[in-house]
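This is structure-v2.cif (mmCIF, C-alpha atoms).
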```
data_entry
loop_
_atom_site.label_atom_id
_atom_site.label_comp_id
_atom_site.auth_asym_id
_atom_site.auth_seq_id
_atom_site.Cartn_x
_atom_site.Cartn_y
_atom_site.Cartn_z
CA MET A 775 129.26 92.25 92.67
CA LYS A 776 132.27 92.82 94.92
CA THR A 777 131.50 96.02 96.82
CA CYS A 778 128.38 97.78 98.10
CA ARG A 779 126.93 100.44 95.80
CA GLY A 780 126.44 102.78 98.75
CA CYS A 781 129.40 102.42 101.13
CA ASP A 782 131.98 100.31 99.23
CA GLY A 783 131.69 97.62 101.90
CA VAL A 784 132.63 94.06 100.98
CA ASN A 785 130.25 92.18 103.30
CA ILE A 786 127.44 91.55 100.80
CA ASP A 787 124.98 88.67 100.89
CA ARG A 788 122.55 87.63 98.18
CA VAL A 789 119.02 87.55 99.67
CA LEU A 790 116.74 87.15 96.63
CA ASP A 791 117.41 85.55 93.26
CA LEU A 792 114.69 85.51 90.59
CA GLY A 793 116.91 83.99 87.92
CA ALA A 794 116.67 85.23 84.34
CA MET A 795 113.88 87.76 83.87
CA PRO A 796 112.80 89.95 80.92
CA ALA A 797 113.65 93.62 81.23
CA ALA A 798 110.84 95.28 83.16
CA ASP A 799 110.96 98.49 81.14
CA HIS A 800 110.90 97.02 77.62
CA PHE A 801 107.36 96.38 76.36
CA PRO A 802 107.62 94.74 72.90
CA PRO A 803 104.97 95.25 70.21
CA ASP A 804 102.11 92.80 70.60
CA ARG A 805 102.39 89.78 68.35
CA THR A 806 100.30 86.65 68.65
CA VAL A 807 102.99 83.99 68.54
CA ALA A 808 103.38 80.63 70.20
CA THR A 809 106.85 81.33 71.55
CA ILE A 810 108.13 84.61 72.88
CA THR A 811 111.71 85.20 71.83
CA GLU A 812 113.33 88.02 73.74
CA THR A 813 116.35 88.39 75.95
CA SER A 814 116.28 87.71 79.67
CA HIS A 815 118.62 89.11 82.27
CA PRO A 816 119.76 88.01 85.74
CA LEU A 817 117.69 89.62 88.49
CA ALA A 818 118.89 89.33 92.07
CA MET A 819 119.05 91.39 95.27
CA ALA A 820 121.92 91.55 97.74
CA GLN A 821 122.22 93.32 101.09
CA CYS A 822 125.27 94.97 102.61
CA SER A 823 125.92 94.00 106.22
CA ASP A 824 127.93 97.19 106.75
CA CYS A 825 125.35 99.86 105.83
CA GLY A 826 122.24 97.72 105.35
CA LEU A 827 121.61 98.79 101.75
CA ALA A 828 119.52 96.30 99.76
CA GLN A 829 120.62 96.57 96.15
CA LEU A 830 120.42 95.18 92.65
CA VAL A 831 123.26 92.72 92.13
CA ASP A 832 123.77 93.49 88.46
CA ASP A 833 121.96 95.06 85.52
CA ASP A 834 122.93 94.53 81.89
CA THR A 835 119.67 96.01 80.54
CA VAL A 836 119.37 99.26 78.60
CA PRO A 837 116.73 101.68 79.98
CA ASP A 838 113.77 101.74 77.59
CA GLU A 839 110.71 102.65 79.63
CA PRO A 840 107.53 103.94 77.96
CA ARG A 841 106.28 106.86 80.02
CA GLY A 842 103.40 105.80 82.22
CA VAL A 843 100.55 107.89 83.52
CA GLU A 844 101.22 109.22 87.03
CA PRO A 845 98.67 107.69 89.44
CA ARG A 846 96.40 110.02 91.36
CA ALA A 847 97.58 108.38 94.59
CA LEU A 848 101.09 109.63 93.86
CA ARG A 849 99.91 113.18 93.13
CA ASP A 850 97.74 113.25 96.23
CA GLN A 851 100.56 111.99 98.43
CA ALA A 852 102.93 114.66 97.09
CA ALA A 853 100.45 117.39 98.02
CA VAL A 854 99.99 115.94 101.51
CA ALA A 855 103.74 115.59 101.96
CA ILE A 856 104.44 119.21 101.02
CA ARG A 857 101.71 120.38 103.38
CA GLU A 858 103.10 118.34 106.30
CA VAL A 859 106.67 119.47 105.62
CA ALA A 860 105.49 123.10 105.53
CA ASP A 861 103.52 122.67 108.76
CA ALA A 862 106.69 121.36 110.40
CA GLY A 863 108.52 124.56 109.42
CA TRP A 864 110.89 123.16 106.80
CA LEU A 865 109.70 125.22 103.81
CA THR A 866 111.20 128.66 104.41
CA GLY A 867 111.37 129.85 100.80
CA GLY A 868 114.22 130.46 98.38
CA THR A 869 115.32 128.34 95.45
CA VAL A 870 114.66 124.70 94.61
CA ILE A 871 116.29 121.97 92.54
CA GLU A 872 114.55 118.67 91.79
CA PHE A 873 116.25 115.39 90.92
CA GLY A 874 113.54 113.70 88.90
CA SER A 875 112.47 110.09 88.54
CA PRO A 876 112.21 108.32 85.18
CA HIS A 877 108.70 107.33 86.24
CA GLY A 878 107.60 110.95 85.92
CA GLY A 879 105.85 113.29 88.31
CA THR A 880 107.23 116.47 89.84
CA TRP A 881 106.88 118.46 93.05
CA LEU A 882 108.01 121.74 91.50
CA PRO A 883 104.53 123.24 90.88
CA LEU A 884 103.63 122.59 94.52
CA LEU A 885 106.73 124.48 95.60
CA THR A 886 106.57 127.36 93.14
CA ASP A 887 103.01 127.90 94.38
CA ARG A 888 104.61 128.49 97.77
CA GLY A 889 107.02 131.10 96.42
CA TYR A 890 110.05 128.99 95.56
CA GLU A 891 112.08 129.80 92.45
CA ILE A 892 113.73 127.09 90.36
CA ALA A 893 117.49 127.43 90.71
CA PRO A 894 119.78 127.37 87.66
CA ALA A 895 121.49 124.03 87.15
CA THR A 896 124.89 125.57 87.87
CA ARG A 897 123.94 126.93 91.30
CA SER A 898 123.10 125.41 94.67
CA ALA A 899 119.60 125.68 96.12
CA SER A 900 118.04 126.17 99.52
CA LEU A 901 115.79 123.17 98.87
CA VAL A 902 116.68 119.99 96.97
CA ILE A 903 113.94 117.46 96.15
CA ASP A 904 114.27 113.79 95.24
CA SER A 905 111.12 111.68 95.16
CA PHE A 906 111.82 108.09 94.09
CA GLY A 907 114.69 109.24 91.87
CA ILE A 908 117.91 108.28 93.63
CA MET A 909 117.21 104.55 93.54
CA HIS A 910 117.78 104.63 89.76
CA ALA A 911 121.48 105.53 90.16
CA SER A 912 123.86 102.59 89.81
CA ASP A 913 126.57 104.45 91.74
CA GLN A 914 124.74 105.20 94.97
CA LYS A 915 127.72 106.79 96.69
CA ALA A 916 128.09 109.33 93.88
CA ALA A 917 124.33 109.95 93.76
CA PHE A 918 124.15 110.94 97.42
CA ARG A 919 127.17 113.22 96.99
CA GLN A 920 125.58 114.83 93.94
CA ARG A 921 122.45 115.74 95.87
CA ALA A 922 124.49 117.02 98.80
CA GLY A 923 126.55 119.11 96.39
CA ALA A 924 123.44 120.78 95.01
CA LEU A 925 122.45 122.01 98.47
CA ALA A 926 123.24 125.44 99.90
CA ALA A 927 125.05 125.60 103.25
CA ASN A 928 121.84 126.23 105.18
CA GLY A 929 119.58 124.24 102.87
CA THR A 930 117.38 121.15 103.20
CA LEU A 931 117.24 117.94 101.19
CA LEU A 932 113.85 116.22 101.00
CA LEU A 933 114.42 112.60 100.01
CA GLN A 934 111.50 110.21 99.53
CA PHE A 935 111.76 106.46 99.07
CA HIS A 936 109.73 103.24 99.24
CA THR A 937 111.07 101.94 102.51
CA PHE A 938 112.75 98.54 102.63
CA THR A 939 111.03 98.04 105.98
CA ALA A 940 107.66 97.90 104.18
CA ILE A 941 109.09 95.66 101.46
CA LEU A 942 110.10 93.18 104.15
CA ALA A 943 106.96 93.57 106.29
CA GLN A 944 104.69 92.81 103.32
CA LEU A 945 107.19 90.59 101.49
CA GLN A 946 106.99 92.79 98.38
CA TRP A 947 109.52 90.82 96.38
CA THR A 948 108.17 92.29 93.13
CA ALA A 949 109.76 95.61 94.14
CA LEU A 950 112.99 94.13 92.79
CA ARG A 951 113.44 95.08 89.15
CA HIS A 952 116.07 96.09 86.64
CA GLY A 953 116.91 99.78 86.83
CA HIS A 954 116.11 100.00 90.56
CA PHE A 955 119.57 99.80 92.08
CA ALA A 956 118.84 100.49 95.76
CA TYR A 957 116.20 99.92 98.44
CA TYR A 958 116.53 101.95 101.65
CA SER A 959 115.48 101.71 105.24
CA LEU A 960 115.72 104.96 107.20
CA THR A 961 118.68 103.42 109.05
CA THR A 962 120.54 102.91 105.77
CA ALA A 963 119.53 106.26 104.28
CA LYS A 964 120.81 107.99 107.42
CA ARG A 965 124.20 106.30 107.04
CA LEU A 966 124.53 107.06 103.33
CA LEU A 967 123.48 110.68 103.86
CA ALA A 968 126.07 111.01 106.64
CA ASN A 969 128.75 109.69 104.30
CA ALA A 970 127.79 112.52 101.92
CA GLY A 971 127.97 115.15 104.69
CA LEU A 972 124.24 115.40 105.45
CA HIS A 973 122.36 114.76 108.69
CA VAL A 974 118.82 113.40 109.03
CA ALA A 975 116.68 115.74 111.12
CA ASP A 976 113.05 114.84 110.45
CA ALA A 977 110.92 112.21 108.70
CA TRP A 978 107.35 111.51 107.65
CA ALA A 979 105.74 108.14 106.93
CA PHE A 980 103.02 107.54 104.30
CA ASP A 981 100.96 104.54 103.20
CA LEU A 982 101.96 104.92 99.53
CA TYR A 983 103.32 101.64 98.09
CA GLY A 984 102.61 100.01 101.43
CA GLY A 985 105.15 102.21 103.18
CA THR A 986 106.98 105.34 102.05
CA VAL A 987 109.33 107.55 104.06
CA LEU A 988 110.18 111.20 103.38
CA VAL A 989 113.37 112.45 105.03
CA ALA A 990 114.57 115.99 105.73
CA ALA A 991 118.36 116.20 105.87
CA THR A 992 120.67 119.20 106.35
CA PRO A 993 124.42 119.95 106.12
CA ARG A 994 124.42 120.99 109.77
CA PRO A 995 123.64 118.45 112.52
CA PRO A 996 120.22 119.08 114.11
CA ARG A 997 119.97 119.91 117.80
CA SER A 998 117.88 116.76 118.17
CA LEU A 999 116.20 114.13 116.02
CA SER A 1000 112.46 114.42 115.61
CA LEU A 1001 110.22 111.96 117.43
CA ALA A 1002 109.25 110.42 114.08
CA VAL A 1003 112.88 109.69 113.18
CA ARG A 1004 113.57 108.14 116.57
CA ARG A 1005 110.49 105.95 116.38
CA ILE A 1006 111.24 104.68 112.87
CA LEU A 1007 114.87 103.94 113.72
CA ALA A 1008 113.87 102.09 116.90
CA HIS A 1009 111.36 99.99 114.96
CA GLU A 1010 113.96 99.12 112.33
CA ARG A 1011 116.46 98.08 114.99
CA ALA A 1012 113.86 95.86 116.63
CA VAL A 1013 113.02 93.98 113.44
CA GLY A 1014 116.56 93.72 112.07
CA VAL A 1015 115.86 95.47 108.79
CA THR A 1016 119.58 95.65 107.94
CA ASP A 1017 120.19 91.94 108.61
CA PRO A 1018 120.51 89.86 105.40
CA THR A 1019 119.23 86.75 107.19
CA VAL A 1020 115.92 88.57 107.75
CA ALA A 1021 115.67 89.67 104.11
CA ARG A 1022 115.98 86.10 102.85
CA ALA A 1023 112.28 85.68 103.62
CA LEU A 1024 111.69 87.44 100.28
CA GLN A 1025 112.90 84.37 98.39
CA LYS A 1026 110.26 82.07 99.82
CA ALA A 1027 107.58 84.71 99.20
CA ALA A 1028 108.59 84.91 95.55
CA ASP A 1029 108.40 81.14 95.12
CA ASP A 1030 105.11 80.74 97.02
CA GLN A 1031 103.23 83.74 95.55
CA ALA A 1032 104.06 82.93 91.94
CA LEU A 1033 102.78 79.38 92.34
CA ALA A 1034 99.69 80.52 94.25
CA LEU A 1035 98.80 83.11 91.58
CA ARG A 1036 99.06 80.60 88.76
CA THR A 1037 96.95 78.12 90.75
CA SER A 1038 94.28 80.75 91.47
CA LEU A 1039 94.07 81.87 87.83
CA THR A 1040 93.91 78.24 86.67
CA LYS A 1041 90.94 77.63 88.98
CA MET A 1042 89.16 80.70 87.59
CA LYS A 1043 89.77 79.51 84.04
CA CYS A 1044 88.30 76.11 84.91
CA ARG A 1045 85.21 77.88 86.26
CA GLY A 1046 84.82 79.73 82.98
CA TYR A 1047 85.77 83.18 84.30
CA SER A 1048 87.25 85.74 81.94
CA VAL A 1049 90.17 87.40 83.73
CA TYR A 1050 92.10 90.53 82.79
CA ALA A 1051 94.49 92.76 84.71
CA TYR A 1052 94.81 96.51 85.09
CA GLY A 1053 98.18 98.25 85.20
CA ALA A 1054 101.12 97.25 82.98
CA ALA A 1055 103.41 98.03 85.89
CA SER A 1056 107.07 97.13 85.94
CA GLN A 1057 106.59 95.20 89.18
CA ALA A 1058 104.10 92.92 87.43
CA VAL A 1059 106.73 91.76 84.93
CA SER A 1060 108.62 89.47 87.29
CA LEU A 1061 105.36 88.25 88.85
CA PHE A 1062 103.82 87.30 85.50
CA SER A 1063 107.06 85.76 84.27
CA ARG A 1064 107.74 83.76 87.44
CA ALA A 1065 104.13 82.52 87.50
CA ARG A 1066 104.49 81.53 83.81
CA LEU A 1067 101.32 83.37 82.82
CA ASP A 1068 100.02 83.64 79.26
CA ARG A 1069 96.84 84.92 77.63
CA ARG A 1070 95.07 81.64 78.30
CA LEU A 1071 95.14 82.46 82.04
CA LEU A 1072 95.20 86.26 81.80
CA ALA A 1073 93.62 87.51 78.61
CA GLY A 1074 95.08 91.03 78.67
CA VAL A 1075 96.28 93.97 80.75
CA ALA A 1076 94.60 97.37 80.51
CA ASP A 1077 96.76 100.45 80.97
CA ALA A 1078 96.03 104.15 80.65
CA SER A 1079 99.40 104.95 79.07
CA PRO A 1080 99.10 105.26 75.25
CA ALA A 1081 102.83 104.43 75.06
CA LYS A 1082 102.15 100.92 76.39
CA GLN A 1083 98.93 100.16 74.51
CA GLY A 1084 99.36 97.84 71.54
CA ARG A 1085 102.35 96.23 73.21
CA ARG A 1086 102.58 93.17 75.44
CA MET A 1087 103.85 92.30 78.88
CA PRO A 1088 107.56 91.40 78.67
CA GLY A 1089 108.26 87.68 78.60
CA THR A 1090 104.63 86.79 77.85
CA ASP A 1091 102.09 86.93 75.02
CA ILE A 1092 99.66 88.95 77.19
CA PRO A 1093 98.56 92.07 75.25
CA ILE A 1094 98.27 95.56 76.73
CA ILE A 1095 94.96 97.18 75.85
CA PRO A 1096 93.23 100.56 76.44
CA PRO A 1097 90.90 100.79 79.45
CA ASP A 1098 87.93 101.45 77.13
CA GLN A 1099 88.48 98.07 75.54
CA LEU A 1100 88.50 96.46 78.98
CA LEU A 1101 85.08 97.99 79.72
CA CYS A 1102 83.66 96.65 76.47
CA LEU A 1103 84.93 93.15 77.26
CA ARG A 1104 83.15 93.11 80.66
CA PRO A 1105 85.52 90.60 82.32
CA ASP A 1106 84.46 88.59 85.36
CA ARG A 1107 87.61 89.50 87.29
CA VAL A 1108 90.22 92.27 86.98
CA LEU A 1109 93.53 91.79 88.77
CA LEU A 1110 94.86 95.16 89.93
CA THR A 1111 98.65 95.02 89.78
CA LEU A 1112 99.09 98.25 91.80
CA PRO A 1113 96.93 98.27 94.97
CA ASP A 1114 97.46 102.05 95.36
CA LEU A 1115 95.26 102.51 92.28
CA LEU A 1116 92.21 100.84 93.82
CA THR A 1117 90.30 103.95 94.91
CA GLU A 1118 91.09 105.74 91.64
CA VAL A 1119 89.96 102.93 89.33
CA GLN A 1120 86.85 102.19 91.40
CA GLU A 1121 85.76 105.80 90.92
CA GLN A 1122 86.82 105.99 87.28
CA TYR A 1123 85.32 102.68 86.15
CA PRO A 1124 82.12 102.02 88.16
CA GLU A 1125 81.13 99.49 85.50
CA LEU A 1126 83.71 97.12 87.02
CA ASP A 1127 82.45 97.42 90.58
CA GLY A 1128 82.81 94.12 92.45
CA ARG A 1129 85.23 92.68 89.89
CA TRP A 1130 88.48 94.18 91.15
CA ARG A 1131 90.98 91.83 92.79
CA THR A 1132 94.42 92.59 94.20
CA LEU A 1133 97.18 90.04 94.57
CA SER A 1134 96.37 89.62 98.25
CA ASP A 1135 92.78 88.78 97.28
CA LEU A 1136 93.89 85.92 95.03
CA VAL A 1137 96.89 84.75 97.05
CA ALA A 1138 96.94 84.20 100.81
CA PRO A 1139 98.79 87.21 102.25
CA PRO A 1140 102.32 86.25 103.30
CA THR A 1141 103.26 86.56 106.94
CA PHE A 1142 106.36 88.04 108.45
CA PRO A 1143 107.62 88.46 112.03
CA PHE A 1144 106.80 92.17 112.13
CA PRO A 1145 103.67 94.08 111.12
CA GLY A 1146 103.12 96.28 108.09
CA PRO A 1147 100.15 98.36 106.85
CA ALA A 1148 97.10 96.25 106.03
CA ARG A 1149 96.26 95.86 102.37
CA ALA A 1150 92.87 97.04 101.13
CA ARG A 1151 90.37 94.40 100.14
CA THR A 1152 87.57 94.77 97.65
CA GLY A 1153 84.50 93.45 99.40
CA SER A 1154 82.86 90.44 100.97
CA GLU A 1155 82.03 88.54 97.79
CA GLU A 1156 83.27 84.95 97.87
CA LEU A 1157 86.63 84.68 96.13
CA PRO A 1158 87.60 81.82 93.81
#
```
Would you write the structure of this file as structure tokens?
Amino acid sequence: MKTCRGCDGVNIDRVLDLGAMPAADHFPPDRTVATITETSHPLAMAQCSDCGLAQLVDDDTVPDEPRGVEPRALRDQAAVAIREVADAGWLTGGTVIEFGSPHGGTWLPLLTDRGYEIAPATRSASLVIDSFGIMHASDQKAAFRQRAGALAANGTLLLQFHTFTAILAQLQWTALRHGHFAYYSLTTAKRLLANAGLHVADAWAFDLYGGTVLVAATPRPPRSLSLAVRRILAHERAVGVTDPTVARALQKAADDQALALRTSLTKMKCRGYSVYAYGAASQAVSLFSRARLDRRLLAGVADASPAKQGRRMPGTDIPIIPPDQLLCLRPDRVLLTLPDLLTEVQEQYPELDGRWRTLSDLVAPPTFPFPGPARARTGSEELP
């Protein structure tokens, strides 16, 4: 990698290297074999010192992602976001274009309910939406220009992303995966939007994924930045979110958490516990692979997506099973790979009450020099 994906800068430093990892979006058919034979691919993150963009170093995988089931937390957050944007006066009607995400989900019904009309693909729109979509573009510079080009002269772009500030604050190294080419702080997004002729005017912060930011940007400079924008930018300056030396803390977190997870699961196995997981999420692929998990330590992963059931976690022999099968098995512990699902699965599967564990329950939460949102815990029961 010679130049930054976002600004073409040449000052790029590698901050996280996971080595060879299986493709996170390729779930092979389940086969009970002693040795898993499938291709692995380099997986590393670099950060540009010029614009601050954290980015995938290289990706030689071919997208092959079974469509997952959109979590309720994501749908609920979209509804809240649209309501807050409307309350702030940004939804004035007209036409809308959405740049979708391969993970699914759409904001269009929420907007058509408010009187918006979907613009033809050949025309610009008064509102352009991108929720977790732009990070999947390998050419970030072109992607920002494409979204700016779809916007009418007096229009608004709403751009939502999992903020790199939260990734650092909570040391979420598993956010790195093939197919995710960019990770933004508001500072970096502001620079890349400016390079495409757009100006950040407002922003909203949400707890989704441990920290999500929604930005409103316009072709015309705003009279002033909102208080929320100024606060987020000041916080990012204080913690050095665009400094590669700060981001290198992710490497130690990856090494320590993988070892700690394997140790914790080994202890549970020795105690005779049956342990499964819930959520065949892409971010669990590197975690399972780096921790060298197999079905002896983690007997299976339940997932609500029929497209993933009957397959296995990449790089392992761990099968993916339907949630109904998980209920019948009555495991002692269920590792939830996506903490945002906790409320939803607790309500949906009361039979598993008291058995849910998140990664932070099994592994001592990593620390970092600046605070992030606290992770939910599952109760006061003594943990193994």
Applying 9 Å and only C-alpha atoms, which residues near Glu858 (chain A) remain after dropping the ones on its own chain fewer than 5 positions away? List them as a list of chain:residue names.
A:Ala853, A:Gly863, A:Trp978
Using only C-alpha atoms, which residue out of A:Ala917, A:Leu942, A:Ala975, A:Ala1055 lies closest to Pro995 (chain A)?
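Between A:Ala917, A:Leu942, A:Ala975, A:Ala1055, the residue approaching Pro995 (chain A) most closely is A:Ala975.
Between Asp833 (chain A) and the candidates A:Pro796, A:Gly1014, A:Pro802, A:Gly874, the tightest atom-to-atom separation, counting all atoms listed in the file, involves A:Pro796.
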A:Gln946, A:Thr962, A:Arg1066, A:His1009 ranked by distance to Leu1133 (chain A), top pick (using all atoms listed in the file)
A:Gln946
Nearest to Leu933 (chain A) by atom-to-atom distance, counting all atoms listed in the file, from A:Glu891, A:Asp976, A:Asp913, A:Asp824
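Looking only at the distances to Leu933 (chain A), the closest residue turns out to be A:Asp976.
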Give as a ChimeraX atom specification the residues that the PyMOL selection byres ((chain A and resi 780) around 6) matches when applied to the coordinates above.
/A:778-779,781,914-915
Fewer than 6 positions away in the same chain doesn't count, so skip those; otherwise give me all residues within 12 Å of Gly1046 (chain A), counting only C-alpha atoms, as an MDAnalysis selection string.
chainID A and resid 1039:1040 1070:1071 1105:1107 1158
